[in-house]
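Shown next: upload32.cif, given as mmCIF, C-alpha atoms and all ligand atoms.
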```cif
data_entry
#
loop_
_atom_site.label_atom_id
_atom_site.label_comp_id
_atom_site.auth_asym_id
_atom_site.auth_seq_id
_atom_site.Cartn_x
_atom_site.Cartn_y
_atom_site.Cartn_z
CA MET A 131 -30.55 20.84 -27.71
CA SER A 132 -30.55 17.55 -29.64
CA ILE A 133 -29.70 14.22 -28.07
CA ALA A 134 -26.63 14.04 -30.32
CA THR A 135 -25.35 17.30 -28.90
CA VAL A 136 -25.90 16.06 -25.37
CA ILE A 137 -24.04 12.84 -26.15
CA GLY A 138 -21.34 14.86 -27.92
CA VAL A 139 -20.78 16.96 -24.84
CA ASP A 140 -20.54 13.85 -22.66
CA ILE A 141 -18.00 12.22 -24.96
CA ALA A 142 -15.90 15.37 -24.95
CA ASN A 143 -15.93 15.38 -21.15
CA LEU A 144 -15.06 11.74 -21.02
CA ARG A 145 -12.08 12.33 -23.30
CA LYS A 146 -10.86 15.11 -21.07
CA VAL A 147 -11.03 12.83 -18.04
CA LEU A 148 -9.19 10.06 -19.86
CA GLU A 149 -6.38 12.30 -21.07
CA VAL A 150 -5.50 13.70 -17.65
CA ARG A 151 -5.21 11.23 -14.82
CA LYS A 152 -6.54 12.64 -11.60
CA THR A 153 -4.79 11.59 -8.41
CA GLY A 154 -6.00 11.88 -4.84
CA ILE A 155 -3.75 12.36 -1.83
CA VAL A 156 -5.52 11.50 1.39
CA TYR A 157 -4.20 13.40 4.39
CA HIS A 158 -5.39 14.65 7.76
CA GLU A 159 -3.56 17.21 9.91
CA ASP A 160 -4.06 14.93 12.93
CA TYR A 161 -1.97 12.09 11.45
CA PRO A 162 1.32 13.45 12.87
CA LYS A 163 -0.26 13.46 16.35
CA HIS A 164 0.30 9.72 16.76
CA ASP A 165 3.51 9.58 18.79
CA PRO A 166 4.81 6.15 19.85
CA GLY A 167 7.79 7.77 21.61
CA PRO A 168 11.06 9.54 20.88
CA TRP A 169 12.92 6.21 20.48
CA HIS A 170 10.44 4.88 17.95
CA PRO A 171 11.14 4.84 14.16
CA GLU A 172 7.44 5.32 13.24
CA ARG A 173 7.76 9.08 13.67
CA PRO A 174 5.40 11.97 12.90
CA GLU A 175 8.14 13.53 10.70
CA ARG A 176 7.58 10.75 8.16
CA LEU A 177 4.40 12.52 7.09
CA ILE A 178 5.36 16.10 7.97
CA ASN A 179 8.45 15.85 5.74
CA THR A 180 6.48 14.13 2.97
CA MET A 181 3.83 16.85 2.83
CA ARG A 182 6.62 19.48 2.81
CA VAL A 183 8.41 17.82 -0.12
CA LEU A 184 5.14 17.41 -2.05
CA GLU A 185 4.52 21.13 -1.53
CA GLU A 186 8.08 22.22 -2.39
CA ARG A 187 8.16 20.11 -5.56
CA GLY A 188 4.92 21.68 -6.76
CA VAL A 189 2.91 18.43 -6.70
CA LEU A 190 0.14 19.83 -4.50
CA ALA A 191 -0.37 22.79 -6.86
CA LYS A 192 -1.02 20.60 -9.91
CA PRO A 193 -4.59 20.86 -11.21
CA ASN A 194 -4.98 17.08 -11.47
CA VAL A 195 -3.85 16.43 -7.87
CA VAL A 196 -6.42 16.80 -5.11
CA VAL A 197 -5.91 16.53 -1.36
CA LEU A 198 -8.79 14.69 0.29
CA LYS A 199 -9.57 14.92 4.00
CA PRO A 200 -10.83 11.72 5.64
CA GLU A 201 -13.36 11.00 8.38
CA PRO A 202 -12.73 8.33 11.01
CA ALA A 203 -13.77 4.80 10.05
CA THR A 204 -16.95 3.64 11.80
CA GLU A 205 -17.09 0.65 14.12
CA GLU A 206 -19.06 -1.13 11.37
CA ASP A 207 -16.08 -0.57 9.02
CA LEU A 208 -13.69 -2.07 11.59
CA LEU A 209 -15.96 -5.02 12.34
CA ARG A 210 -15.78 -6.23 8.72
CA VAL A 211 -12.12 -7.09 9.46
CA HIS A 212 -11.52 -7.21 13.23
CA ASP A 213 -13.08 -9.02 16.18
CA LYS A 214 -15.18 -6.86 18.48
CA SER A 215 -13.17 -7.95 21.54
CA TYR A 216 -9.92 -6.81 19.87
CA ILE A 217 -11.38 -3.43 18.85
CA ASP A 218 -12.64 -2.91 22.42
CA MET A 219 -9.22 -3.84 23.82
CA ILE A 220 -7.41 -1.23 21.69
CA ARG A 221 -10.00 1.38 22.69
CA ARG A 222 -9.63 0.53 26.37
CA MET A 223 -5.81 0.42 26.30
CA SER A 224 -5.60 3.78 24.56
CA GLN A 225 -7.67 5.39 27.32
CA SER A 226 -5.40 4.30 30.12
CA PRO A 227 -3.64 7.07 32.05
CA GLY A 228 0.13 7.50 31.97
CA PRO A 229 2.34 7.95 28.92
CA TYR A 230 1.50 4.63 27.27
CA THR A 231 0.71 0.95 27.61
CA MET A 232 2.27 -1.63 25.29
CA LEU A 233 0.41 -3.80 22.78
CA THR A 234 3.64 -5.68 21.92
CA PRO A 235 7.26 -4.74 22.79
CA ASP A 236 7.58 -2.69 19.55
CA THR A 237 4.03 -1.29 19.51
CA PRO A 238 3.14 1.14 22.29
CA ILE A 239 -0.40 2.44 22.69
CA PRO A 240 -0.06 6.10 23.65
CA ARG A 241 -3.23 7.81 24.85
CA GLY A 242 -5.52 8.56 21.91
CA THR A 243 -4.16 5.76 19.72
CA TYR A 244 -7.63 4.35 19.09
CA GLU A 245 -8.97 7.62 17.63
CA LEU A 246 -5.90 8.09 15.41
CA ALA A 247 -5.87 4.46 14.24
CA VAL A 248 -9.54 4.78 13.31
CA LEU A 249 -8.77 8.01 11.43
CA SER A 250 -5.96 6.18 9.62
CA ALA A 251 -8.38 3.41 8.58
CA GLY A 252 -10.82 6.12 7.47
CA GLY A 253 -8.06 7.50 5.22
CA ALA A 254 -7.66 4.13 3.54
CA ILE A 255 -11.42 3.92 3.03
CA LEU A 256 -11.47 7.38 1.46
CA ALA A 257 -8.64 6.48 -0.95
CA GLY A 258 -10.62 3.45 -2.10
CA ARG A 259 -13.94 5.26 -2.23
CA ALA A 260 -12.63 8.26 -4.21
CA VAL A 261 -11.31 5.84 -6.85
CA ALA A 262 -14.48 3.73 -6.86
CA GLU A 263 -16.71 6.79 -7.23
CA GLY A 264 -14.58 8.13 -10.07
CA GLU A 265 -13.63 11.32 -8.23
CA VAL A 266 -10.01 10.39 -8.99
CA ASN A 267 -8.38 7.66 -11.11
CA ASN A 268 -5.97 6.63 -8.39
CA ALA A 269 -5.12 7.66 -4.84
CA PHE A 270 -2.38 7.51 -2.21
CA ALA A 271 -3.48 7.55 1.44
CA LEU A 272 -0.75 9.26 3.47
CA ILE A 273 -1.88 7.71 6.71
CA ARG A 274 -0.42 6.54 9.98
CA PRO A 275 -0.39 4.43 12.07
CA PRO A 276 0.22 1.70 9.46
CA GLY A 277 -1.75 -1.56 9.24
CA HIS A 278 -0.37 -4.61 7.41
CA HIS A 279 0.91 -6.42 10.52
CA ALA A 280 -2.53 -6.31 12.17
CA GLY A 281 -4.72 -9.41 11.92
CA ARG A 282 -8.32 -10.03 12.99
CA ASP A 283 -7.52 -10.15 16.68
CA TYR A 284 -3.96 -8.99 17.02
CA GLY A 285 -1.68 -6.04 16.29
CA GLY A 286 2.07 -5.43 16.40
CA GLY A 287 4.87 -4.14 14.19
CA PHE A 288 3.59 -0.56 14.80
CA CYS A 289 0.09 -1.58 13.51
CA TYR A 290 -3.29 -1.60 15.29
CA PHE A 291 -5.97 -1.97 12.58
CA ASN A 292 -5.44 -3.40 9.11
CA ASN A 293 -6.10 -0.34 6.95
CA ILE A 294 -5.86 -2.03 3.55
CA ALA A 295 -8.27 -4.83 4.53
CA ILE A 296 -10.70 -2.28 5.97
CA MET A 297 -10.58 -0.44 2.62
CA ILE A 298 -11.09 -3.66 0.65
CA GLU A 299 -14.06 -4.75 2.74
CA TYR A 300 -15.59 -1.28 2.43
CA LEU A 301 -15.31 -1.49 -1.37
CA ARG A 302 -16.74 -5.01 -1.42
CA GLN A 303 -19.71 -3.90 0.68
CA ASN A 304 -20.43 -0.53 -0.89
CA HIS A 305 -19.22 -0.72 -4.49
CA GLY A 306 -19.72 -4.36 -5.40
CA TYR A 307 -16.07 -5.00 -6.20
CA LYS A 308 -15.32 -8.71 -6.23
CA ARG A 309 -11.64 -9.14 -7.03
CA PHE A 310 -8.82 -7.32 -5.30
CA MET A 311 -5.11 -7.61 -6.01
CA ILE A 312 -2.76 -6.42 -3.30
CA LEU A 313 0.85 -5.52 -3.99
CA ASP A 314 2.71 -5.24 -0.69
CA TRP A 315 6.12 -3.75 -1.43
CA ASP A 316 6.90 -2.90 2.20
CA VAL A 317 10.23 -4.46 3.25
CA HIS A 318 8.40 -6.47 5.93
CA HIS A 319 6.00 -9.30 5.21
CA GLY A 320 2.38 -8.22 5.73
CA ASN A 321 1.50 -11.13 8.00
CA GLY A 322 -1.75 -9.53 9.17
CA THR A 323 -3.08 -9.02 5.65
CA GLN A 324 -1.96 -12.50 4.63
CA ASP A 325 -3.76 -14.06 7.63
CA ILE A 326 -6.97 -12.15 6.97
CA TYR A 327 -7.14 -13.30 3.34
CA TYR A 328 -5.35 -16.66 3.58
CA GLN A 329 -8.48 -18.66 2.68
CA ASP A 330 -10.09 -16.06 0.42
CA PRO A 331 -9.75 -16.45 -3.39
CA SER A 332 -11.23 -12.98 -4.02
CA VAL A 333 -8.10 -11.26 -2.71
CA LEU A 334 -4.79 -12.06 -4.36
CA TYR A 335 -2.08 -11.06 -1.90
CA PHE A 336 1.38 -10.53 -3.44
CA SER A 337 4.26 -9.58 -1.16
CA THR A 338 7.95 -8.92 -1.63
CA HIS A 339 9.90 -8.57 1.59
CA GLN A 340 13.34 -8.95 3.07
CA SER A 341 14.11 -12.33 4.64
CA PRO A 342 15.25 -12.88 7.30
CA LEU A 343 13.49 -9.95 8.97
CA TYR A 344 10.48 -9.19 11.19
CA PRO A 345 7.89 -10.78 11.35
CA GLY A 346 9.55 -13.94 9.98
CA THR A 347 6.60 -15.15 7.90
CA GLY A 348 6.19 -15.06 4.10
CA SER A 349 8.10 -18.04 2.73
CA ILE A 350 7.51 -19.07 -0.88
CA HIS A 351 5.57 -22.09 0.41
CA GLU A 352 2.89 -19.96 2.09
CA VAL A 353 0.39 -19.91 -0.78
CA GLY A 354 -3.00 -19.80 0.94
CA ARG A 355 -5.32 -22.49 2.25
CA GLY A 356 -8.62 -24.10 1.24
CA GLU A 357 -10.40 -22.04 -1.40
CA GLY A 358 -7.65 -19.46 -1.04
CA GLU A 359 -4.87 -21.84 -2.06
CA GLY A 360 -2.80 -20.19 -4.80
CA TYR A 361 -4.03 -16.68 -3.92
CA THR A 362 -1.14 -15.77 -1.63
CA VAL A 363 2.22 -15.17 -3.31
CA ASN A 364 5.37 -14.48 -1.32
CA LEU A 365 8.77 -13.51 -2.64
CA PRO A 366 11.36 -13.20 0.14
CA LEU A 367 14.38 -11.12 -0.88
CA PRO A 368 17.87 -11.63 0.59
CA PRO A 369 19.46 -8.68 2.44
CA GLY A 370 21.24 -6.41 -0.04
CA THR A 371 18.78 -6.98 -2.92
CA SER A 372 18.67 -3.90 -5.17
CA GLY A 373 15.61 -2.29 -6.73
CA ALA A 374 16.82 -3.30 -10.20
CA ASN A 375 15.40 -6.78 -9.52
CA TYR A 376 11.85 -5.48 -9.34
CA GLN A 377 11.55 -5.29 -13.12
CA LEU A 378 11.94 -9.07 -13.33
CA ILE A 379 9.52 -9.55 -10.44
CA MET A 380 6.88 -7.51 -12.27
CA ASP A 381 7.56 -9.13 -15.68
CA GLU A 382 7.75 -12.73 -14.53
CA LEU A 383 5.33 -12.88 -11.61
CA PHE A 384 3.15 -9.89 -10.82
CA ALA A 385 2.00 -8.91 -14.32
CA PRO A 386 1.15 -12.46 -15.51
CA LEU A 387 -0.81 -13.10 -12.30
CA ALA A 388 -2.66 -9.79 -12.66
CA GLU A 389 -3.56 -10.59 -16.28
CA GLU A 390 -5.02 -13.94 -15.31
CA PHE A 391 -6.67 -12.78 -12.07
CA LYS A 392 -8.19 -9.61 -13.61
CA PRO A 393 -8.71 -7.52 -10.46
CA ASP A 394 -11.40 -4.84 -10.14
CA ILE A 395 -8.80 -2.66 -8.44
CA PHE A 396 -5.13 -2.75 -7.46
CA CYS A 397 -4.50 -2.08 -3.78
CA VAL A 398 -0.99 -1.33 -2.58
CA SER A 399 0.58 -1.62 0.86
CA ALA A 400 3.29 0.93 0.21
CA GLY A 401 6.09 0.91 2.75
CA GLN A 402 9.25 2.64 1.56
CA ASP A 403 11.50 0.76 3.99
CA ALA A 404 13.26 -1.20 1.24
CA TYR A 405 15.02 2.13 0.53
CA PHE A 406 18.77 1.63 0.95
CA LEU A 407 19.12 4.06 3.88
CA ASP A 408 16.27 2.67 5.92
CA PRO A 409 17.40 2.35 9.56
CA ILE A 410 15.60 -0.95 10.30
CA ALA A 411 16.07 -2.99 7.09
CA ASN A 412 18.81 -3.96 4.62
CA LEU A 413 17.55 -3.88 1.03
CA ARG A 414 18.97 -1.46 -1.55
CA PHE A 415 16.07 0.11 -3.39
CA CYS A 416 16.51 3.68 -4.61
CA ILE A 417 13.93 6.40 -5.25
CA LYS A 418 13.79 5.50 -8.94
CA THR A 419 12.77 1.94 -8.02
CA TYR A 420 9.51 3.20 -6.56
CA ALA A 421 8.72 5.29 -9.64
CA GLU A 422 9.38 2.26 -11.86
CA ILE A 423 7.12 -0.07 -9.86
CA ALA A 424 4.40 2.60 -9.83
CA GLN A 425 4.67 3.02 -13.60
CA ARG A 426 4.27 -0.72 -14.18
CA LEU A 427 1.23 -0.66 -11.92
CA VAL A 428 -0.31 2.32 -13.74
CA ASP A 429 0.13 0.55 -17.10
CA LEU A 430 -1.35 -2.70 -15.81
CA ALA A 431 -4.26 -0.91 -14.15
CA GLU A 432 -5.07 0.96 -17.33
CA LYS A 433 -5.12 -2.31 -19.23
CA LEU A 434 -7.05 -4.36 -16.67
CA CYS A 435 -9.25 -2.20 -14.44
CA ASN A 436 -9.83 1.28 -15.81
CA GLY A 437 -6.70 2.61 -14.11
CA ARG A 438 -8.02 1.98 -10.60
CA ILE A 439 -5.23 1.95 -7.99
CA SER A 440 -5.57 2.72 -4.30
CA ILE A 441 -2.39 2.93 -2.27
CA VAL A 442 -2.05 3.04 1.50
CA LEU A 443 1.10 3.99 3.37
CA GLU A 444 2.73 1.33 5.53
CA GLY A 445 6.37 1.68 6.71
CA GLY A 446 9.49 3.54 5.58
CA TYR A 447 11.65 5.20 8.21
CA ASN A 448 14.47 7.15 6.57
CA LEU A 449 13.19 10.68 7.06
CA GLN A 450 15.13 12.05 4.09
CA GLY A 451 14.43 9.31 1.52
CA VAL A 452 10.81 8.40 2.27
CA PRO A 453 9.33 11.78 1.27
CA HIS A 454 11.07 11.56 -2.13
CA ALA A 455 10.03 7.93 -2.64
CA ILE A 456 6.39 8.82 -1.96
CA THR A 457 6.67 11.89 -4.20
CA ALA A 458 8.05 9.69 -6.99
CA VAL A 459 5.07 7.32 -6.66
CA ILE A 460 2.53 10.15 -6.62
CA THR A 461 4.03 12.00 -9.60
CA THR A 462 3.95 8.69 -11.50
CA LEU A 463 0.33 8.05 -10.53
CA ALA A 464 -0.60 11.54 -11.71
CA GLY A 465 1.53 11.40 -14.87
CA LEU A 466 3.51 14.48 -13.83
CA THR A 467 6.45 13.88 -16.14
CA ASP A 468 7.67 17.47 -15.70
CA ILE A 469 8.55 16.81 -12.06
CA GLU A 470 11.94 15.18 -11.91
CA ILE A 471 12.66 12.25 -9.63
CA ILE A 472 15.24 13.20 -6.99
CA GLU A 473 17.69 10.87 -5.27
CA PRO A 474 18.57 12.85 -2.13
CA VAL A 475 21.60 10.59 -1.62
CA ASN A 476 23.48 8.78 -4.40
CA PRO A 477 22.22 5.18 -4.43
CA PRO A 478 24.53 2.14 -4.26
CA PRO A 479 25.10 0.02 -7.41
CA GLN A 480 21.86 -1.62 -8.53
CA GLU A 481 22.93 -5.22 -9.04
CA ILE A 482 20.81 -8.01 -10.48
CA SER A 483 20.60 -10.98 -8.12
CA GLU A 484 20.89 -14.58 -9.32
CA THR A 485 19.19 -15.71 -6.11
CA VAL A 486 16.12 -13.61 -6.83
CA ALA A 487 15.91 -14.86 -10.44
CA LYS A 488 16.15 -18.45 -9.23
CA ARG A 489 13.54 -17.87 -6.51
CA ILE A 490 11.14 -16.40 -9.07
CA GLN A 491 11.44 -19.64 -11.08
CA ASP A 492 10.79 -21.70 -7.93
CA ILE A 493 7.65 -19.69 -7.19
CA LYS A 494 6.39 -20.10 -10.76
CA LYS A 495 6.78 -23.85 -10.36
CA ILE A 496 4.77 -23.82 -7.12
CA LEU A 497 2.10 -21.57 -8.65
CA SER A 498 1.77 -23.71 -11.78
CA ARG A 499 -0.68 -25.88 -9.81
CA TYR A 500 -3.06 -22.93 -9.53
CA TRP A 501 -2.41 -20.61 -12.45
CA LYS A 502 -2.75 -21.50 -16.16
CA ILE A 503 -0.23 -18.85 -17.07
CA PHE A 504 2.52 -20.77 -15.21
CA ALA A 505 1.37 -24.28 -16.18
ZN ZN A 601 7.77 -2.25 6.94
#
```
Please express what this file holds, its structure, as structure tokens.
Ligand SMILES: [Zn+2]
Amino acid sequence: MSIATVIGVDIANLRKVLEVRKTGIVYHEDYPKHDPGPWHPERPERLINTMRVLEERGVLAKPNVVVLKPEPATEEDLLRVHDKSYIDMIRRMSQSPGPYTMLTPDTPIPRGTYELAVLSAGGAILAGRAVAEGEVNNAFALIRPPGHHAGRDYGGGFCYFNNIAIMIEYLRQNHGYKRFMILDWDVHHGNGTQDIYYQDPSVLYFSTHQSPLYPGTGSIHEVGRGEGEGYTVNLPLPPGTSGANYQLIMDELFAPLAEEFKPDIFCVSAGQDAYFLDPIANLRFCIKTYAEIAQRLVDLAEKLCNGRISIVLEGGYNLQGVPHAITAVITTLAGLTDIEIIEPVNPPPQEISETVAKRIQDIKKILSRYWKIFA
């Protein structure tokens, strides 16, 4: 066989890979075992229902969708993000007898939490690794417990370890990635992630969140500190904001920043609690909103970083809507245009907000000190 033939074969293979986007879904059958209590919104059914809808809609049977099973993160993985004393405390608290101890008033530690939180972090690592190794083009880690409210030495808001930061630090260490752009579309501000990267210019943290709402951080004036100044971007959204506003957010803020920052990979903290029926928040996103954001991300990733996107699940508590929102994101990631997007309940009117448009202009003014594109 001539060299030309060998090269020819490789090019043909490469074309095939490029034409069909391959998407990974990270899942472990133990994820529903984390049970913070019958009163708690972070319920096992969030994932059980999601896997059922993905199955029923035929997503799992698609040849370009693979389900990947994670291993627990190692202590070394955790230590890249968290203090040893904090890790030991979570381990100790989750061994205590009785139904559960409390980390914070909203974050119980039922027995076995440590093992499941470590398995959740391992799921985030696998989503990043599968993309970095080229096994898939993009991935969605269907993990719980969530992570974006956990900082170096604290947890809360249903979070114990910061899954997305653990994934990022794994990729930095093992795959030589240098620039990470986080989109956090969860309805709550990811205070833990922001804290971890507040002084770090290699991670551009971009969050949209309802304000006022837990945890109360994430004003437009929180932009990072020291070398990290300008690398934290917060857009608080007033209660009632519809998903229709996200197009402007992507056009005016996220996409220009991404083009100038040029990330090696897009990382997403995907909480679907901005959905209009969410029981603990008051925004008005619909299922279609999530598909539209995901499509913008896919296009940007293809332009800027070889299509690399790694998504980790955060919140989202409406047990009927969340599975369809996640399905809409995954079908978009995988380019499954034959699978229709379903709104299980008719969404409210999707109004454009003057306040949001004005706030976007205010943020651009603040960011003009750091970013040429806004100067
Ligand atoms: Zn949330």
Who sits within 9 Å of range 277-294 of chain A, all atoms listed in the file, same chain under 6 positions skipped, as a PDB file with C-alpha atoms, keeping the file's coordinate frame:
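In the end it all went to around-v6.pdb:
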```
ATOM      1  CA  PRO A 166       4.810   6.150  19.850  1.00  0.00           C
ATOM      2  CA  GLU A 172       7.440   5.320  13.240  1.00  0.00           C
ATOM      3  CA  LEU A 208     -13.690  -2.070  11.590  1.00  0.00           C
ATOM      4  CA  VAL A 211     -12.120  -7.090   9.460  1.00  0.00           C
ATOM      5  CA  HIS A 212     -11.520  -7.210  13.230  1.00  0.00           C
ATOM      6  CA  ASP A 213     -13.080  -9.020  16.180  1.00  0.00           C
ATOM      7  CA  LYS A 214     -15.180  -6.860  18.480  1.00  0.00           C
ATOM      8  CA  SER A 215     -13.170  -7.950  21.540  1.00  0.00           C
ATOM      9  CA  TYR A 216      -9.920  -6.810  19.870  1.00  0.00           C
ATOM     10  CA  ILE A 217     -11.380  -3.430  18.850  1.00  0.00           C
ATOM     11  CA  ILE A 220      -7.410  -1.230  21.690  1.00  0.00           C
ATOM     12  CA  LEU A 233       0.410  -3.800  22.780  1.00  0.00           C
ATOM     13  CA  THR A 234       3.640  -5.680  21.920  1.00  0.00           C
ATOM     14  CA  PRO A 235       7.260  -4.740  22.790  1.00  0.00           C
ATOM     15  CA  ASP A 236       7.580  -2.690  19.550  1.00  0.00           C
ATOM     16  CA  THR A 237       4.030  -1.290  19.510  1.00  0.00           C
ATOM     17  CA  PRO A 238       3.140   1.140  22.290  1.00  0.00           C
ATOM     18  CA  ILE A 239      -0.400   2.440  22.690  1.00  0.00           C
ATOM     19  CA  THR A 243      -4.160   5.760  19.720  1.00  0.00           C
ATOM     20  CA  TYR A 244      -7.630   4.350  19.090  1.00  0.00           C
ATOM     21  CA  ALA A 247      -5.870   4.460  14.240  1.00  0.00           C
ATOM     22  CA  VAL A 248      -9.540   4.780  13.310  1.00  0.00           C
ATOM     23  CA  SER A 250      -5.960   6.180   9.620  1.00  0.00           C
ATOM     24  CA  ALA A 251      -8.380   3.410   8.580  1.00  0.00           C
ATOM     25  CA  GLY A 252     -10.820   6.120   7.470  1.00  0.00           C
ATOM     26  CA  GLY A 253      -8.060   7.500   5.220  1.00  0.00           C
ATOM     27  CA  ALA A 254      -7.660   4.130   3.540  1.00  0.00           C
ATOM     28  CA  ILE A 255     -11.420   3.920   3.030  1.00  0.00           C
ATOM     29  CA  ILE A 312      -2.760  -6.420  -3.300  1.00  0.00           C
ATOM     30  CA  ASP A 314       2.710  -5.240  -0.690  1.00  0.00           C
ATOM     31  CA  HIS A 318       8.400  -6.470   5.930  1.00  0.00           C
ATOM     32  CA  HIS A 319       6.000  -9.300   5.210  1.00  0.00           C
ATOM     33  CA  GLY A 320       2.380  -8.220   5.730  1.00  0.00           C
ATOM     34  CA  ASN A 321       1.500 -11.130   8.000  1.00  0.00           C
ATOM     35  CA  GLY A 322      -1.750  -9.530   9.170  1.00  0.00           C
ATOM     36  CA  THR A 323      -3.080  -9.020   5.650  1.00  0.00           C
ATOM     37  CA  GLN A 324      -1.960 -12.500   4.630  1.00  0.00           C
ATOM     38  CA  ASP A 325      -3.760 -14.060   7.630  1.00  0.00           C
ATOM     39  CA  ILE A 326      -6.970 -12.150   6.970  1.00  0.00           C
ATOM     40  CA  TYR A 344      10.480  -9.190  11.190  1.00  0.00           C
ATOM     41  CA  PRO A 345       7.890 -10.780  11.350  1.00  0.00           C
ATOM     42  CA  CYS A 397      -4.500  -2.080  -3.780  1.00  0.00           C
ATOM     43  CA  VAL A 398      -0.990  -1.330  -2.580  1.00  0.00           C
ATOM     44  CA  SER A 399       0.580  -1.620   0.860  1.00  0.00           C
ATOM     45  CA  ILE A 441      -2.390   2.930  -2.270  1.00  0.00           C
ATOM     46  CA  VAL A 442      -2.050   3.040   1.500  1.00  0.00           C
ATOM     47  CA  LEU A 443       1.100   3.990   3.370  1.00  0.00           C
ATOM     48  CA  GLU A 444       2.730   1.330   5.530  1.00  0.00           C
ATOM     49  CA  GLY A 445       6.370   1.680   6.710  1.00  0.00           C
TER      50      GLY A 445
END
```
_Show me the residues close to (11.3, -3.5, -2.8) - anything with an atom within 7 Å, counting only C-alpha atoms - and format the list as number ranges by chain._
A: 315-317, 338-339, 373, 376, 404, 415
Save the residues we just selected, C-alpha atoms, as a JSON list (two decimals), keeping the file's coordinate frame?
```json
[["chain", "number", "residue", "atom", "x", "y", "z"],
["A", 315, "TRP", "CA", 6.12, -3.75, -1.43],
["A", 316, "ASP", "CA", 6.90, -2.90, 2.20],
["A", 317, "VAL", "CA", 10.23, -4.46, 3.25],
["A", 338, "THR", "CA", 7.95, -8.92, -1.63],
["A", 339, "HIS", "CA", 9.90, -8.57, 1.59],
["A", 373, "GLY", "CA", 15.61, -2.29, -6.73],
["A", 376, "TYR", "CA", 11.85, -5.48, -9.34],
["A", 404, "ALA", "CA", 13.26, -1.20, 1.24],
["A", 415, "PHE", "CA", 16.07, 0.11, -3.39]]
```
_Selection near Val363 in chain A, 12 Å with all atoms listed in the file, sequence-local residues under 6 positions removed, as an MDAnalysis selection string_ = chainID A and resid 311:314 319:320 324 327:328 333:339 348:355 379 383:384 387:388 490 492:494 496:497 500:501
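Counting from CA of Pro200 in chain A, the distance to CA of Met297 in chain A is 12.5 Å.
Considering the residues A:Pro366, A:Gly264, A:Pro393, A:Pro474 and counting only C-alpha atoms, Gln450 in chain A has its shortest atom-to-atom contact with A:Pro474.
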*A:Ile273, A:His454, A:Leu190, A:Val428: which is nearest Gln402 in chain A, counting all atoms listed in the file?*
A:His454
Start from the incomplete input, build N, CA and C atoms for range 446-457 of chain A, and deliver everything as an mmCIF file, keeping the file's coordinate frame.
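Once written, part-v3.cif looks like this:
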```cif
data_model
loop_
_atom_site.group_PDB
_atom_site.id
_atom_site.type_symbol
_atom_site.label_atom_id
_atom_site.label_comp_id
_atom_site.auth_asym_id
_atom_site.auth_seq_id
_atom_site.Cartn_x
_atom_site.Cartn_y
_atom_site.Cartn_z
ATOM 1 N N GLY A 446 8.550 2.635 6.253
ATOM 2 C CA GLY A 446 9.490 3.540 5.580
ATOM 3 C C GLY A 446 9.966 4.558 6.578
ATOM 4 N N TYR A 447 11.236 4.460 7.016
ATOM 5 C CA TYR A 447 11.650 5.200 8.210
ATOM 6 C C TYR A 447 12.833 6.131 8.024
ATOM 7 N N ASN A 448 13.405 6.173 6.814
ATOM 8 C CA ASN A 448 14.470 7.150 6.570
ATOM 9 C C ASN A 448 13.792 8.485 6.258
ATOM 10 N N LEU A 449 13.981 9.453 7.142
ATOM 11 C CA LEU A 449 13.190 10.680 7.060
ATOM 12 C C LEU A 449 13.558 11.550 5.870
ATOM 13 N N GLN A 450 14.732 11.283 5.260
ATOM 14 C CA GLN A 450 15.130 12.050 4.090
ATOM 15 C C GLN A 450 14.647 11.363 2.807
ATOM 16 N N GLY A 451 14.757 10.038 2.748
ATOM 17 C CA GLY A 451 14.430 9.310 1.520
ATOM 18 C C GLY A 451 12.935 9.100 1.311
ATOM 19 N N VAL A 452 12.229 8.751 2.391
ATOM 20 C CA VAL A 452 10.810 8.400 2.270
ATOM 21 C C VAL A 452 9.970 9.484 1.583
ATOM 22 N N PRO A 453 10.140 10.759 1.939
ATOM 23 C CA PRO A 453 9.330 11.780 1.270
ATOM 24 C C PRO A 453 9.547 11.802 -0.251
ATOM 25 N N HIS A 454 10.790 11.558 -0.683
ATOM 26 C CA HIS A 454 11.070 11.560 -2.130
ATOM 27 C C HIS A 454 10.537 10.295 -2.796
ATOM 28 N N ALA A 455 10.577 9.174 -2.086
ATOM 29 C CA ALA A 455 10.030 7.930 -2.640
ATOM 30 C C ALA A 455 8.521 8.071 -2.843
ATOM 31 N N ILE A 456 7.849 8.630 -1.849
ATOM 32 C CA ILE A 456 6.390 8.820 -1.960
ATOM 33 C C ILE A 456 6.079 9.826 -3.065
ATOM 34 N N THR A 457 6.876 10.887 -3.143
ATOM 35 C CA THR A 457 6.670 11.890 -4.200
ATOM 36 C C THR A 457 6.838 11.246 -5.578
#
```
